[in-house]
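As provided, upload_36.cif (mmCIF, C-alpha atoms and all ligand atoms) reads as follows.
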```cif
data_model
#
loop_
_atom_site.label_atom_id
_atom_site.label_comp_id
_atom_site.auth_asym_id
_atom_site.auth_seq_id
_atom_site.Cartn_x
_atom_site.Cartn_y
_atom_site.Cartn_z
CA MET T 20 18.05 4.82 -9.12
CA GLY T 21 18.78 2.05 -6.61
CA ILE T 22 16.75 0.16 -4.07
CA GLU T 23 17.08 2.94 -1.50
CA GLN T 24 15.40 5.55 -3.69
CA HIS T 25 12.83 3.06 -5.00
CA GLN T 26 11.89 2.18 -1.43
CA VAL T 27 11.45 5.87 -0.59
CA LYS T 28 9.19 6.10 -3.65
CA ALA T 29 7.28 3.00 -2.54
CA ALA T 30 6.72 4.54 0.90
CA GLU T 31 5.55 7.81 -0.66
CA LEU T 32 3.24 6.02 -3.06
CA LEU T 33 1.68 3.87 -0.35
CA ARG T 34 1.38 6.74 2.11
CA ALA T 35 -0.36 8.84 -0.52
CA ALA T 36 -2.71 5.95 -1.30
CA GLY T 37 -3.47 5.09 2.34
CA ILE T 38 -5.84 2.34 1.30
CA LEU T 39 -4.98 0.01 -1.56
CA PRO T 40 -7.93 -1.87 -3.06
CA VAL T 41 -6.90 -5.40 -4.05
CA VAL T 42 -8.70 -5.93 -7.35
CA THR T 43 -9.28 -9.22 -9.17
CA ILE T 44 -10.98 -8.98 -12.56
CA HIS T 45 -11.97 -11.47 -15.25
CA THR T 46 -12.53 -9.14 -18.20
CA LEU T 47 -11.08 -5.91 -19.54
CA ASP T 48 -14.45 -4.23 -19.16
CA GLN T 49 -14.48 -5.14 -15.49
CA ALA T 50 -10.96 -3.75 -15.08
CA ARG T 51 -11.96 -0.47 -16.73
CA ALA T 52 -15.20 -0.05 -14.83
CA VAL T 53 -13.96 -1.03 -11.38
CA SER T 54 -10.88 1.18 -11.66
CA ALA T 55 -13.00 4.12 -12.79
CA ALA T 56 -15.43 3.58 -9.90
CA LEU T 57 -12.59 3.45 -7.36
CA LEU T 58 -11.06 6.59 -8.83
CA GLU T 59 -14.42 8.40 -8.70
CA GLY T 60 -14.85 7.25 -5.10
CA GLY T 61 -11.47 8.72 -4.19
CA LEU T 62 -9.09 5.75 -4.32
CA PRO T 63 -6.75 6.29 -7.30
CA ALA T 64 -4.22 3.53 -6.51
CA ILE T 65 -4.99 -0.16 -6.91
CA GLU T 66 -3.29 -3.51 -6.62
CA LEU T 67 -4.40 -5.50 -9.65
CA THR T 68 -3.85 -9.16 -8.90
CA LEU T 69 -2.29 -11.38 -11.54
CA ARG T 70 -4.69 -14.19 -10.68
CA THR T 71 -6.70 -14.29 -13.87
CA PRO T 72 -5.66 -14.91 -17.50
CA VAL T 73 -6.64 -11.40 -18.56
CA ALA T 74 -4.87 -9.56 -15.72
CA MET T 75 -1.65 -8.65 -17.53
CA GLU T 76 -3.54 -7.36 -20.57
CA ALA T 77 -5.80 -5.40 -18.22
CA LEU T 78 -2.78 -3.81 -16.55
CA ALA T 79 -1.45 -2.55 -19.88
CA MET T 80 -4.93 -1.38 -20.91
CA LEU T 81 -5.42 0.59 -17.66
CA LYS T 82 -2.08 2.34 -18.11
CA ARG T 83 -3.12 3.36 -21.64
CA GLU T 84 -6.74 4.32 -21.00
CA LEU T 85 -6.89 5.52 -17.38
CA PRO T 86 -3.69 7.45 -16.76
CA ASP T 87 -4.98 8.81 -13.44
CA VAL T 88 -5.13 5.33 -11.94
CA VAL T 89 -1.94 4.22 -10.18
CA VAL T 90 -1.70 0.54 -11.03
CA GLY T 91 0.34 -1.91 -9.02
CA ALA T 92 0.75 -5.47 -10.19
CA GLY T 93 -0.21 -7.78 -7.33
CA THR T 94 0.25 -11.49 -6.71
CA VAL T 95 3.62 -11.29 -8.46
CA LEU T 96 4.95 -14.78 -7.77
CA THR T 97 7.88 -15.15 -10.17
CA VAL T 98 10.68 -13.16 -11.75
CA GLU T 99 8.99 -13.73 -15.11
CA GLN T 100 5.74 -12.15 -13.86
CA MET T 101 7.78 -9.32 -12.42
CA GLN T 102 9.32 -8.60 -15.82
CA GLN T 103 6.00 -8.93 -17.65
CA SER T 104 4.41 -6.46 -15.21
CA ILE T 105 7.19 -3.96 -15.77
CA ASP T 106 6.82 -4.38 -19.54
CA ALA T 107 3.06 -3.84 -19.22
CA GLY T 108 3.71 -0.50 -17.53
CA ALA T 109 3.01 -1.26 -13.86
CA ASP T 110 3.58 1.67 -11.52
CA PHE T 111 4.69 -0.63 -8.72
CA LEU T 112 4.79 -4.31 -7.79
CA VAL T 113 3.42 -6.23 -4.81
CA THR T 114 4.13 -9.83 -3.83
CA PRO T 115 2.21 -11.97 -1.32
CA GLY T 116 5.45 -13.66 -0.22
CA THR T 117 9.05 -13.27 -1.33
CA PRO T 118 11.32 -16.27 -1.86
CA PRO T 119 15.05 -15.42 -2.19
CA ALA T 120 15.27 -15.40 -6.01
CA LEU T 121 12.28 -13.09 -6.27
CA ALA T 122 13.68 -10.85 -3.51
CA ASP T 123 16.97 -10.52 -5.43
CA ALA T 124 15.14 -9.58 -8.61
CA LEU T 125 12.87 -7.11 -6.80
CA ALA T 126 15.88 -5.47 -5.15
CA ALA T 127 17.24 -4.68 -8.62
CA ALA T 128 13.87 -3.74 -10.16
CA PRO T 129 13.60 -0.30 -11.80
CA LEU T 130 10.41 0.72 -9.98
CA PRO T 131 8.91 0.80 -6.46
CA VAL T 132 8.17 -2.65 -5.05
CA VAL T 133 6.40 -3.90 -1.94
CA PRO T 134 7.56 -7.42 -1.10
CA GLY T 135 5.28 -9.61 0.99
CA ALA T 136 6.20 -11.35 4.22
CA ALA T 137 4.39 -13.07 7.07
CA THR T 138 6.91 -13.49 9.90
CA PRO T 139 9.54 -11.42 11.73
CA THR T 140 12.29 -13.54 10.17
CA GLU T 141 10.97 -12.95 6.64
CA LEU T 142 10.59 -9.24 7.33
CA LEU T 143 14.12 -9.02 8.71
CA SER T 144 15.51 -10.87 5.68
CA LEU T 145 13.86 -8.31 3.42
CA PHE T 146 15.11 -5.47 5.61
CA ALA T 147 18.66 -6.84 5.32
CA ARG T 148 18.30 -6.76 1.51
CA GLY T 149 17.40 -3.08 1.66
CA PHE T 150 13.61 -3.16 1.64
CA ARG T 151 11.93 -0.67 3.95
CA VAL T 152 8.28 -1.18 3.04
CA CYS T 153 6.67 -4.62 3.06
CA LYS T 154 3.24 -6.11 2.62
CA LEU T 155 2.30 -8.05 5.75
CA PHE T 156 0.26 -10.93 4.35
CA PRO T 157 -2.08 -12.51 5.27
CA ALA T 158 -2.28 -9.86 7.98
CA THR T 159 -5.19 -10.98 10.13
CA ALA T 160 -4.26 -14.66 9.87
CA VAL T 161 -0.72 -14.03 11.16
CA GLY T 162 -1.80 -11.94 14.13
CA GLY T 163 -3.34 -8.74 12.80
CA LEU T 164 -3.08 -5.69 15.04
CA ALA T 165 -1.31 -7.59 17.82
CA MET T 166 1.39 -8.71 15.39
CA ILE T 167 1.79 -5.20 13.97
CA LYS T 168 2.07 -3.67 17.45
CA GLY T 169 4.57 -6.36 18.38
CA LEU T 170 6.73 -5.58 15.33
CA ALA T 171 6.74 -1.82 15.99
CA GLY T 172 9.42 -2.13 18.68
CA PRO T 173 12.02 -4.54 17.31
CA VAL T 174 11.48 -3.80 13.60
CA ALA T 175 10.67 -0.10 13.94
CA ASP T 176 12.30 1.06 10.70
CA LEU T 177 10.27 -1.27 8.52
CA LYS T 178 6.91 0.11 7.42
CA LEU T 179 4.04 -2.23 6.67
CA CYS T 180 1.10 -2.51 4.33
CA PRO T 181 -1.01 -5.12 6.12
CA THR T 182 -3.39 -6.91 3.77
CA GLY T 183 -5.65 -9.91 4.14
CA GLY T 184 -8.80 -9.97 6.24
CA ILE T 185 -9.06 -6.22 6.85
CA THR T 186 -12.60 -4.83 6.60
CA GLU T 187 -14.29 -1.43 6.58
CA ASN T 188 -14.81 -1.92 10.33
CA THR T 189 -11.18 -2.63 11.18
CA ALA T 190 -9.45 -0.37 8.64
CA ALA T 191 -9.23 2.71 10.87
CA GLU T 192 -7.43 0.94 13.70
CA TYR T 193 -4.85 -0.52 11.30
CA LEU T 194 -4.29 2.93 9.81
CA GLU T 195 -3.59 4.33 13.28
CA GLN T 196 -0.53 2.11 13.81
CA LYS T 197 2.72 4.01 13.56
CA ASN T 198 4.43 1.29 11.53
CA VAL T 199 1.54 1.05 9.04
CA VAL T 200 2.05 3.13 5.92
CA CYS T 201 -1.00 1.85 4.04
CA ILE T 202 -3.51 -0.96 4.26
CA GLY T 203 -4.74 -3.24 1.50
CA GLY T 204 -7.97 -5.11 1.05
CA SER T 205 -10.76 -6.21 -1.20
CA TRP T 206 -13.73 -5.14 0.91
CA MET T 207 -14.61 -2.30 -1.49
CA VAL T 208 -14.24 -4.58 -4.54
CA PRO T 209 -15.72 -7.99 -3.62
CA GLY T 210 -15.93 -10.53 -6.42
CA ASN T 211 -19.73 -10.55 -6.57
CA TRP T 212 -19.97 -6.76 -7.05
CA ILE T 213 -17.46 -6.99 -9.87
CA ALA T 214 -19.21 -9.98 -11.45
CA ASN T 215 -22.59 -8.21 -11.25
CA GLY T 216 -21.29 -4.85 -12.43
CA GLU T 217 -22.35 -3.13 -9.21
CA TRP T 218 -20.13 -0.12 -9.76
CA ASP T 219 -22.28 2.20 -7.61
CA LYS T 220 -21.52 0.00 -4.63
CA VAL T 221 -17.81 0.05 -5.42
CA ARG T 222 -17.90 3.84 -5.78
CA ALA T 223 -19.78 4.28 -2.48
CA SER T 224 -17.51 1.90 -0.59
CA ALA T 225 -14.42 3.61 -1.99
CA ALA T 226 -15.85 6.98 -0.94
CA ASP T 227 -16.39 5.65 2.60
CA ALA T 228 -12.79 4.43 2.67
CA ALA T 229 -11.52 7.75 1.32
CA ARG T 230 -13.46 9.57 4.07
CA ALA T 231 -11.81 7.36 6.69
CA LEU T 232 -8.48 8.35 5.17
CA SER T 233 -9.21 12.04 5.23
CA SER T 234 -9.63 11.89 9.01
CA ARG T 235 -6.31 10.04 9.25
CA GLY T 236 -3.74 12.44 10.54
CA ARG T 237 -6.09 14.56 12.58
CA ARG T 238 -5.68 12.74 15.86
CA SER T 239 -3.20 10.12 16.93
CA SER T 240 -4.07 7.08 19.01
CA THR T 241 -2.69 8.96 22.02
CA GLY T 242 -5.18 11.77 21.41
CA ARG T 243 -2.49 14.22 20.36
CA VAL T 244 -3.36 16.47 17.46
CA ARG T 245 -1.14 15.68 14.53
CA CYS T 246 0.56 18.40 12.58
CA SER T 247 0.65 19.14 8.93
CA ARG T 248 4.26 19.28 7.95
CA SER T 249 6.73 20.77 5.65
CA ARG T 250 10.40 20.05 5.54
CA SER T 251 13.36 22.14 6.46
CA ALA T 252 16.73 20.43 6.05
CA ASP T 253 16.61 17.25 8.11
CA ARG T 254 14.03 18.54 10.55
CA CYS T 255 10.28 18.68 10.25
CA VAL T 256 8.46 21.95 10.61
CA CYS T 257 5.08 21.31 12.11
CA ALA T 258 2.96 24.03 10.60
CA HIS T 259 0.20 23.41 13.11
CA ARG T 260 2.40 24.35 16.01
CA GLY T 261 4.42 26.87 14.08
CA LYS T 262 7.73 25.63 15.33
CA THR T 263 10.53 23.38 14.24
CA CYS T 264 10.24 19.83 15.44
CA VAL T 265 12.83 17.56 16.80
CA PRO T 266 14.80 15.72 14.10
CA TRP T 267 12.25 13.92 11.98
CA SER T 268 13.19 10.50 13.23
CA ASP T 269 12.03 11.51 16.71
CA CYS T 270 8.95 13.36 15.59
CA ALA T 271 5.69 11.98 16.97
CA CYS T 272 3.68 13.62 14.22
CA LEU T 273 2.51 10.68 12.13
CA HIS T 274 2.66 12.73 8.94
CA CYS T 275 6.41 12.49 9.39
CA ASP T 276 6.50 8.77 10.00
CA PRO T 277 8.21 7.79 7.86
CA CYS T 278 9.50 11.12 6.65
CA PRO T 279 9.56 10.62 2.88
CA TRP T 280 12.70 12.66 2.49
C1 LIG P 301 -4.49 -10.05 -1.25
O1 LIG P 301 -4.10 -10.66 -2.21
O2 LIG P 301 -3.82 -9.11 -0.79
C2 LIG P 301 -5.73 -10.50 -0.57
O3 LIG P 301 -6.48 -11.34 -1.34
C3 LIG P 301 -6.58 -9.39 -0.06
O4 LIG P 301 -7.14 -9.85 1.10
P1 LIG P 301 -8.67 -9.64 1.44
O5 LIG P 301 -9.44 -10.16 0.26
O6 LIG P 301 -8.89 -10.47 2.68
O7 LIG P 301 -8.89 -8.18 1.67
#
```
Take the structure in this file and express it as structure tokens.
Ligand code: 3PG
Amino acid sequence: MGIEQHQVKAAELLRAAGILPVVTIHTLDQARAVSAALLEGGLPAIELTLRTPVAMEALAMLKRELPDVVVGAGTVLTVEQMQQSIDAGADFLVTPGTPPALADALAAAPLPVVPGAATPTELLSLFARGFRVCKLFPATAVGGLAMIKGLAGPVADLKLCPTGGITENTAAEYLEQKNVVCIGGSWMVPGNWIANGEWDKVRASAADAARALSSRGRRSSTGRVRCSRSRSADRCVCAHRGKTCVPWSDCACLHCDPCPW
């Protein structure tokens, strides 16, 4: 499987997740408990940052003990960390930024990857290498919604997972953007809740986020009702309207954007 298929998988994975909690833990027990609380709250996919000494061991442990959790390795800074994450069983990889050597390695990686970028030039460089899904980081610091709306025209075929500074209050508007496939953030897993073992709070916050996601897809920012979709050849069939859509690339139904097939 090459980069094209892995990028389709990355888009599917992120679209299914919708919201990606960015988790930083200091012990294996914390990793286990916070992941279980997120799963119970309705968020099965996480980005586990490689920012603590125990993170890599925690990644391997989660893959062994909590098979229902989709674990991405986050804060992957080097090719060595990339390889260690793959060896530990990561389901996908996320980087905060992507220097050329790391981009080359990620392009050849045998799993879905979400390379990070902060500027149109960086995003276009990744696009030229074959990436179609990128983490926009740090999203709010580099322009937030205005930046994302600005990118939607000239870089329309690149889907984004904005992360950095998004909160429970701003999540919904980010999710409404047509070039946003998923959003990331730590608001449902702040460091003090993890340190204090406040798993009920994590579970409740994840449940709130999951509820926000379940209303995603019902109404677009233009007020148009979105359709549930199934696929027929290269066209989308919008079940809601009971008729065949325009070719999927022209379909305004956000369930089809991007069409994962
Ligand atoms: C990340 O690594 O993606 C960020 O630390 C997450 O940003 P946030 O803490 O502002 O949500």
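Each of T:Ala175, T:Leu85, T:Val42, T:Ala191 was compared to ligand LIG 301 (chain P) using all atoms listed in the file, and T:Val42 turns out to be the nearest.
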- Residue with smallest distance to T:Gly21 - pool T:Ala128, T:Val208, T:Ala55, T:Leu47, counting only C-alpha atoms: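 Under the stated criterion, the closest residue is T:Ala128.
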- Item | Minimum-distance residue to ligand LIG 301 (chain P), chosen among T:Arg83, T:His45, T:His25, T:Lys154 (using all atoms listed in the file) |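 Ranked by minimum distance to ligand LIG 301 (chain P), first place goes to T:Lys154.
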- Neighbourhood of ligand LIG 301 (chain P) at 10 Å, counting all atoms listed in the file, reported as a VMD selection string: chain T and resid 39 to 43 66 to 70 93 to 95 113 to 115 135 154 to 160 180 to 187 202 to 210
- Query: Which of these residues is nearest to T:Ala109, using only C-alpha atoms: T:Val161, T:Leu81, T:Val73, T:Met20?
  - Reply: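 Ranked by minimum distance to T:Ala109, first place goes to T:Leu81.
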- note - atom CA of T:Ala126 and atom CA of T:Arg34 are separated by 20.3 Å
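In this model, the gap between atom CA of T:Gly37 and atom CA of T:Ser144 comes to 25.0 Å.
The gap separating atom CA of T:Gly61 from atom CA of T:Ala229 is 5.6 Å, in Å to one decimal.
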